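Visitor: The structure follows.
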Amino acid sequence: MAKIVAIVKMVPDLVEELEINEAGTGLDRDWLRLIINEFDNHAIEQAILLKERDAGEVTVIAPDAEGVEDMLFTTAAKGADRMIKLAGDLEEGANNHALARAFAEAAKPYQPDLILTGVQANDDLDGPVGPLVAEYLGMPYVGYISGVTIEGNKAIVRKEYPGGLIGEMEVTLPAVLGIQAGEEPPRYVAISKVRQMMKTAEIDEQEISELNPNGGVIAKRMYLPEAAKRAEMIEGDEEEIAAKLVAIFKKAGAL
Amino acid sequence: MNQDIYVIIEHLQGQVADISYITLAAARDLAQETGGKVLGVLLGQNAQELASTLAADSILYADHPALAEFTSDAYQKTVASLIGENEPRAVLFGNTSIGADVASVLSARLSLPLVSSCVKTSGGKLTSQICGGKIMAESELAETTTLITVIPGGYKPESGQSETAPEVILFDAPALDDLRVTLKGYIEPEAGDVDISKESILIAIGRGIQTEDNIELAEELAKFLGGTVCSSRPIVDQGWLPTSRLVGKSGQTVKPKLYLALGISGAPEHVEGMAESEVIVAVNMDPNAPIFDIATYGVEFDFFDLIDPLLEQVEEAKEG
Amino acid sequence: MPERLNYWGIPHTWGKPELYVYTIMFLAAAIMLFRFYRQASPWWRIGRSEPRWDKLHLRVWRVIQYAIIQTRVLRQRYPGLMHVAIAWSFFVFFLGTALATVHDHFFEFLYGNTLVIYKFTLDVFTIIFIIGAGMAIYRRYAQKPERLTLEPGFTWTLSLIVIIVLGGLGTESLRLAVERPDWGAWSPAGWLLAQLWISTGASETTLTNWHLGIWIFHLLTVAVTLITLPTGTLLHTLTGPLNAFFSKLDRPMGALAPAAETAEGKPIFVSKLSDLTWKQLLDGDACTECGRCQDACPAFGAGTPLSPKKLILSLRDALHHNGGQPNLVGEAIPEEVLWSCTTCGACIQECPVLIEHIDTIVDLRRTMVIEGMIDAELQDALTNLGRYGNSFGQSERMRARWSKEIEPKVKDAGKEAVEYLWFVGDYASYSPTLTEITQRTAEVFQKIGLDFGIMYKGENHAGNDVRRVGEEGLFEMLVEKNVKAMSRCDYQSIVTTDPHTYNTLKNEYPPNGEQPVLHYSELLDQLIASGKLKLSNKLGYKVTYHDPCYLGRYNGVYDAPRRVIEATGCEIVEMPRNRDCALCCGAGGGRIWMEEGEVNERPSESRIREAVQLKGVTDFIVACPKDITMYRDAVKTTGEENNLVIKDLIELVYEAL
């Protein structure tokens with residue numbers, strides 16, 4: 001019966017155009033749509049798979065953000081047992097160091113055997129959350145994981161390296177793992193199931209005692225990359241474009 | 001605290017990773033601001049000769065059986081003790097499966113500030129790329145030793161390579177027993193498939209391809225062009241192509257003569273695996289896709305409308 | 001005077017022959033009823049209850065229409081004539097026997113001319129029956145169409161009824177041969193056969209004895225037929241009319257049965273037979289195995305594993321299978337079968353006994369969705385629909401990007417009052433292939449001087465196909481969002497170019513009072529009729545028109561688009577499969593979001609090949625955004641792109657303006 005904690009955060013949805021705030025030091029939150037960090041979604045899937053395979057208990061912890069409750073109810077519908085929302089002054093300055101301290105504090109009482117989280121998130125500016133949580137809890141950390149098996153007080157994990165190489169590692173539990181990909185792609189849950197959870201499941205809201213951003217860097221300036229494109233754009237209708245591409249292919253030595 | 005810049009050298013199965021050369025180049029850029037030296041930190045067992053190609057002022061080398069291959073626990077302990085003793089101005093890591101496992105943990109363990117996803121270090125400015133390459137963030141070195149993880153894009157690996165072997169200074173690893181993370185072994189990527197890193201023409205597909213059926217179209221195009229199909233992460237995650245075809249951070253680094261990117265937005269994780277291609281042609285519907293920033297030629301068009309005429313004309317050109 | 005003799009030729013020593021007849025028939029009928037009860041009782045013992053007793057007059061009318069007149073059966077000439085020849089003959093034989101009983105016991109009227117007419121009628125229907133039976137034999141043993149189940153049970157049934165009729169004819173002719181009444185020729189078939197007996201020179205006694213033998217045999221054949229009826233091909237003579245009687249009346253074809261709920265309002269996800277309603281189980285026993293659904297099914301035609309006939313028969317087999325209820329999804333019916341359906345409604349349209357295939361398919365899809373048994377592509381589409389309100393995974397702010405170039409700016413119906421609220425729909429909004437057509441539509445509306453607006457980012461996918469995929473919760477969520485957005489708008493009518501959107505807005509959304517939902521073909525048709533839209537150019541093209549399933553079959557809009565095409569000065573040449581027989585493009589029911597799987601020939605390709613057969617036709621006109629996508633692909637894959645141009649109705653109108 002493994003006790004598993006999944007640590008999840010909402011990140012900017014890159015489907016939207018991102019804007020910089022007036023001060024030029026951060027994202028303009030008014031225009032931001034948030035979405036679950038895709039890697040965290042894989043971490044949740046891995047947690048649920050472990051629960052289904054070996055029995056266990058899954059607790060999901062996420063900081064408050066727009067859409068976080070829907071996300072938590074969705075994880076409940078997938079099979080998570082407990083959902084915790086961390087509340088506090090998260091609007092500005094809650095970098096990963098501050099969040100990691102809060103996550104560690106919230107996870108500790110559950111004495112987890114395993115903490116799973118996404119290996120990275122698109123808004124990480126001060127490193128990913130996982131290794132920070134691990135260190136604050138004094139647990140070992142391994143990231144870029146795409147497979148987990150629990151054997152007694154150890155986890156056997158598959159760590160991905162460039163070029164498709166996999167390192168099989170043995171990690172002493174309790175531990176924190178940064179998930180690159182779950183063993184299965186994140187599952188779909190029917191909306192009716194999520195809505196059912198909204199009626200029956202409860203989200204435990206916990207106040208963050210202190211947001212301490214120390215160790216996280218503060219951006220002096222944020223900006224959108226220069227519009228100056230290196231690419232020479234090819235215009236025309238599909239036939240013309242195809243013709244120009246064929247010429248490029250020839251020049252490049254294909255054909 | 002001194003003004004030196006340390007670079008953690010990554011190696012796997014006796015090979016120095018490209019990212020370490022890139023990081024050395026970034027370190028050199030930074031050292032010019034601080035006025036310090038660039039020191040490579042090499043951990044291993046009988047791995048001293050790996051130092052010979054590194055463009056560093058000198059190499060700090062620790063030899064220990066537990067450091068023969070990378071494990072996070074042993075690396076964290078060794079680098080932590082080194083930083084504690086030497087207090088360099090900054091320590092640079094690759095933002096990789098190796099570097100990222102170490103940098104963040106040390107930031108917490110040693111209470112040192114961390115800047116991640118840094119693409120450029122010129123003029124003392126640390127420029128990070130976040131949000132899939134859509135946002136740039138600028139920060140500076142902190143008052144204390146600053147930890148930095150580096151991603152490709154700002155420096156070429158060649159600038160971190162050297163003809164002349166640097167001086168190697170041995171240092172002692174701390175006690176490395178009771179390790180909580182150990183390597184059981186490597187699992188090699190599925191054999192039998194093509195090695196895309198050796199192909200000179202690659203047709204790369206990404207999420208924009210939408211359905212598995214459309215892979216066939218890419219295969220057909222590849223056949224005419226004498227190339228091979230490869231992909232970005234989502235395609236492999238869906239199981240539509242084997243991992244051996246993955247280009248980018250957790251996949252292969254490729255340098256073909258022609259890289260045709262279809263429906264790939266160009267997230268940094270992908271770009272770092274293909275940025276060195278000779279000619280990059282990107283087809284994407286989103287005019288703001290970052291792939292256009294690194295492509296040689298760009299086509300803002302729906303792949304589905306383009307593929308049929310393209311296949312036809314390519315076939316004609318091939319026959320003619 | 002012609003007179004009817006009861007029990008002619010039965011020896012007097014037998015006493016009252018009617019006693020034997022009634023005893024045998026009563027016993028046979030009792031056994032039949034008992035066996036039928038055993039066959040039928042699982043419907044209500046296993047199936048869930050569902051009230052289907054309302055509007056009795058309409059139900060009786062359906063029985064008359066579909067079971068007696070058999071309008072559906074007659075939709076196809078050969079099998080239609082074959083079937084009514086047999087069925088109507090038997091109706092007449094029953095009626096004849098009943099009248100004879102009345103004559104015998106209650107009221108004597110069969111004499112004189114009445115008797116002659118009576119005899120003549122029965123005899124003519126005997127001939128009609130023989131023709132029908134001959135057609136059936138030819139069809140079954142020579143034609144052997146793929147859609148039929150070629151099992152020995154049919155041979156048994158056909159033999160029985162042929163023997164019954166021949167037995168009747170035999171006794172009739174032998175009696176005529178002995179009696180030789182002067183009105184005998186009014187029973188032409190019997191009279192002809194009687195001449196044969198007379199020509200043998202057999203004595204009256206011999207003929208009378210033969211008559212007795214055949215009469216007894218005839219009686220016993222009828223008894224055997226009755227007894228075996230509930231487990232044979234003829235079961236449909238009971239279940240068919242029952243199925244017509246209990247067919248759905250409470251909602252239009254375009255409204256799907258709501259997701260099942262328990263009495264406490266908890267959702268039921270159909271995994272076992274007991275989760276289906278008794279009517280859904282009756283569907284299985286009502287199936288006549290005629291295979292018309294299979295012939296009409298685009299999924300079957302494409303070579304997918306779905307045959308609507310097999311699917312319904314799997315339910316029947318599961319119901320009468322011994323030893324526990326099988327799992328319906330995966331066990332009784334493979335998953336791919338259920339996902340292959342395009343919900344085009346052709347099977348429902350063709351079924352002679354009004355089986356409701358699609359409600360059951362969607363019920364089972366709902367189970368698969370709740371169990372997460374969906375392919376990766378569909379999962380992506382549904383995730384996007386949940387998150388962004390469109391299947392393209394694009395921001396809702398991009399929904400009206402197509403309108404950027406339109407001058408003057410298209411009104412925001414959420415901000416100012418408009419006469420027509422244009423519900424643009426996903427494909428027309430987001431698909432780059434369709435941008436130009438959507439812009440054309442706006443330009444035509446503007447040129448006509450229509451007061452219209454769109455909801456910009458307030459619009460969400462309407463949900464028609466989300467519902468048909470089985471994601472009821474997501475459908476409800478989309479409806480809520482759209483209803484909320486629409487309630488903020490001030491408009492008189494809704495117009496849309498998308499038949500799927502049209503269908504769900506019209507038939508499944510909460511009633512919106514006096515504001516009609518119009519398909520743009522209907523709107524243009526109205527505007528042409530009222531003279532507001534004047535088309536000055538006569539285009540003179542020879543075109544064909546493809547009926548979208550959710551416009552035609554589901555909502556009966558066949559003429560409006562045709563009138564609009566004619567108003568542009570084009571000549572319409574119909575494809576063989578037109579109007580309610582139109583072939584689906586293959587995209588409906590969420591198929592457009594799913595992995596395609598193995599197919600022999602896509603429905604869209606089959607359709608294009610059908611169209612290019614038409615002499616002189618240059619343009620293939622569609623009135624559905626998804627059709628543009630499907631058919632522009634299909635002309636390419638069939639290599640017909642130089643022979644046929646796929647055009648939206650609005651493009652013709654724009655050209656003719």
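Residues are referred to by chain and number: the chain letter is A, B, ... according to the order shown in the structure tokens, the number counts from 1 in that chain, and ligands are numbered separately from 1 in the order shown.
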Which residues come within 8 Å of C:Met32, counting only C-alpha atoms, excluding same-chain residues fewer than 2 positions away, as a compact mmCIF listing (two decimals) with N, CA and C atoms, in the first residue's frame?

Guide:
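And here's out.txt as it stands now:
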# COMPACT_ATOMS: atom_id res chain seq x y z
N ALA C 28 -52.71 -25.68 -31.21
CA ALA C 28 -51.55 -25.09 -31.89
C ALA C 28 -51.38 -23.63 -31.48
N ALA C 29 -52.50 -22.91 -31.42
CA ALA C 29 -52.42 -21.50 -31.06
C ALA C 29 -51.94 -21.34 -29.62
N ALA C 30 -52.41 -22.23 -28.76
CA ALA C 30 -52.00 -22.14 -27.36
C ALA C 30 -50.50 -22.38 -27.23
N PHE C 34 -47.74 -19.74 -25.93
CA PHE C 34 -46.85 -20.06 -24.83
C PHE C 34 -45.40 -19.89 -25.26
N ARG C 35 -45.09 -20.40 -26.45
CA ARG C 35 -43.70 -20.30 -26.93
C ARG C 35 -43.34 -18.83 -27.21
N PHE C 36 -44.29 -18.08 -27.69
CA PHE C 36 -44.03 -16.66 -27.93
C PHE C 36 -43.78 -15.92 -26.61
N LEU C 226 -47.85 -22.64 -36.98
CA LEU C 226 -48.15 -21.84 -35.79
C LEU C 226 -47.21 -22.20 -34.65
N ILE C 227 -47.02 -23.51 -34.46
CA ILE C 227 -46.21 -23.93 -33.32
C ILE C 227 -44.77 -23.45 -33.46
N THR C 228 -44.23 -23.51 -34.69
CA THR C 228 -42.82 -23.14 -34.86
C THR C 228 -42.63 -21.64 -35.06
N LEU C 229 -43.70 -20.91 -35.18
CA LEU C 229 -43.60 -19.48 -35.50
C LEU C 229 -42.71 -18.68 -34.54
N PRO C 230 -42.85 -18.85 -33.22
CA PRO C 230 -42.09 -17.97 -32.33
C PRO C 230 -40.59 -18.14 -32.37

Visitor: Give me the residues of chain A that have any atom at most 6 Å from an atom of chain B; for each, the nearest atom pair and the distance in Å, rounded to one decimal. Use only C-alpha atoms, sort by chain and number, and format it as CSV.

Guide:
residue,atom,partner,partner_atom,distance
A:Asn122,CA,B:Cys131,CA,4.5
A:Asp123,CA,B:Cys131,CA,5.4
A:Leu125,CA,B:Ser116,CA,5.3
A:Asp126,CA,B:Val115,CA,4.9
A:Gly127,CA,B:Ser116,CA,5.2
A:Pro131,CA,B:Val105,CA,5.1
A:Leu132,CA,B:Val105,CA,5.5
A:Glu135,CA,B:Val105,CA,5.7
A:Gly143,CA,B:Asp101,CA,6.0
A:Tyr144,CA,B:Ser97,CA,5.9
A:Tyr161,CA,B:Ser250,CA,5.7
A:Pro162,CA,B:Ser250,CA,4.3
A:Gly163,CA,B:Gln252,CA,4.2
A:Gly164,CA,B:Pro189,CA,5.1
A:Leu165,CA,B:Glu188,CA,5.2
A:Ile166,CA,B:Ile187,CA,5.0
A:Gly167,CA,B:Tyr186,CA,4.5
A:Glu168,CA,B:Lys184,CA,5.4
A:Met169,CA,B:Leu183,CA,4.5
A:Glu170,CA,B:Thr182,CA,5.2
A:Val171,CA,B:Val181,CA,4.5
A:Thr172,CA,B:Arg180,CA,5.1
A:Gly215,CA,B:Pro113,CA,4.0
A:Gly216,CA,B:Pro113,CA,5.5
A:Val217,CA,B:Val115,CA,5.8
A:Ala219,CA,B:Ser139,CA,4.8
A:Lys220,CA,B:Ser139,CA,5.2
A:Arg221,CA,B:Glu138,CA,5.1
A:Met222,CA,B:Ala137,CA,4.3
A:Tyr223,CA,B:Met136,CA,5.3
A:Leu224,CA,B:Ile135,CA,4.9
A:Lys229,CA,B:Asp293,CA,5.0
A:Arg230,CA,B:Asp293,CA,5.4
A:Ala231,CA,B:Thr296,CA,4.5
A:Glu232,CA,B:Tyr297,CA,4.6
A:Met233,CA,B:Gly298,CA,4.5
A:Ile234,CA,B:Val299,CA,5.3
A:Glu238,CA,B:Leu306,CA,5.3
A:Glu239,CA,B:Pro309,CA,5.9
A:Ala242,CA,B:Leu310,CA,4.7
A:Ala254,CA,B:Leu225,CA,5.4
A:Leu255,CA,B:Leu225,CA,5.4

Visitor: For those residues, write C-alpha atoms to a file as a CSV table (one decimal), in the first residue's frame.

Guide:
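Written out: part-v8.csv:
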chain,number,residue,atom,x,y,z
A,122,ASN,CA,7.0,25.7,-19.2
A,123,ASP,CA,7.2,28.6,-16.7
A,125,LEU,CA,12.6,30.1,-14.2
A,126,ASP,CA,14.3,28.9,-11.1
A,127,GLY,CA,14.5,25.2,-11.8
A,131,PRO,CA,14.2,18.4,-6.9
A,132,LEU,CA,13.5,21.4,-4.6
A,135,GLU,CA,15.7,18.4,-0.9
A,143,GLY,CA,14.1,13.2,-12.9
A,144,TYR,CA,13.2,12.4,-16.5
A,161,TYR,CA,18.7,10.1,-21.6
A,162,PRO,CA,19.3,11.8,-24.9
A,163,GLY,CA,19.3,9.4,-27.9
A,164,GLY,CA,16.7,7.1,-26.4
A,165,LEU,CA,19.0,5.6,-23.9
A,166,ILE,CA,17.4,4.5,-20.7
A,167,GLY,CA,19.1,4.2,-17.3
A,168,GLU,CA,17.5,1.8,-15.0
A,169,MET,CA,17.9,3.2,-11.5
A,170,GLU,CA,17.2,1.9,-8.0
A,171,VAL,CA,15.9,4.6,-5.7
A,172,THR,CA,15.4,4.2,-1.9
A,215,GLY,CA,16.8,30.8,-3.9
A,216,GLY,CA,14.6,31.6,-6.8
A,217,VAL,CA,15.9,34.2,-9.2
A,219,ALA,CA,13.7,38.3,-13.5
A,220,LYS,CA,14.8,41.9,-14.1
A,221,ARG,CA,13.0,42.0,-17.4
A,222,MET,CA,10.7,39.8,-19.5
A,223,TYR,CA,10.1,40.3,-23.1
A,224,LEU,CA,8.7,38.6,-26.2
A,229,LYS,CA,12.6,36.1,-38.2
A,230,ARG,CA,15.5,34.3,-39.7
A,231,ALA,CA,13.2,32.2,-41.9
A,232,GLU,CA,12.6,33.4,-45.4
A,233,MET,CA,8.9,33.0,-45.8
A,234,ILE,CA,7.6,31.4,-48.9
A,238,GLU,CA,-0.2,25.6,-52.6
A,239,GLU,CA,1.0,24.8,-56.1
A,242,ALA,CA,5.2,23.2,-53.6
A,254,ALA,CA,17.5,15.9,-51.8
A,255,LEU,CA,16.0,14.7,-55.1

Visitor: Out of stretch 98-180 of chain B, which residues get alpha helix (DSSP H) from DSSP, as a list in words?

Guide: Gly99, Ala100, Asp101, Val102, Ala103, Ser104, Val105, Leu106, Ser107, Ala108 and Arg109 of chain B

Visitor: Run DSSP on the backbone and give me the residues of stretch 56-299 of chain B it puts in strand (DSSP E), as a ChimeraX atom specification.

Guide: /B:58-63,90-94,114-120,125-130,135-140,146-150,167-170,181-187,201-205,228-231,258-262,279-284,297-299

Visitor: Please compute the atom CA of C:Phe90-atom CA of C:Phe129 distance, one decimal, in Å.

Guide: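 We find that atom CA of C:Phe90 and atom CA of C:Phe129 lie 8.0 Å from each other.
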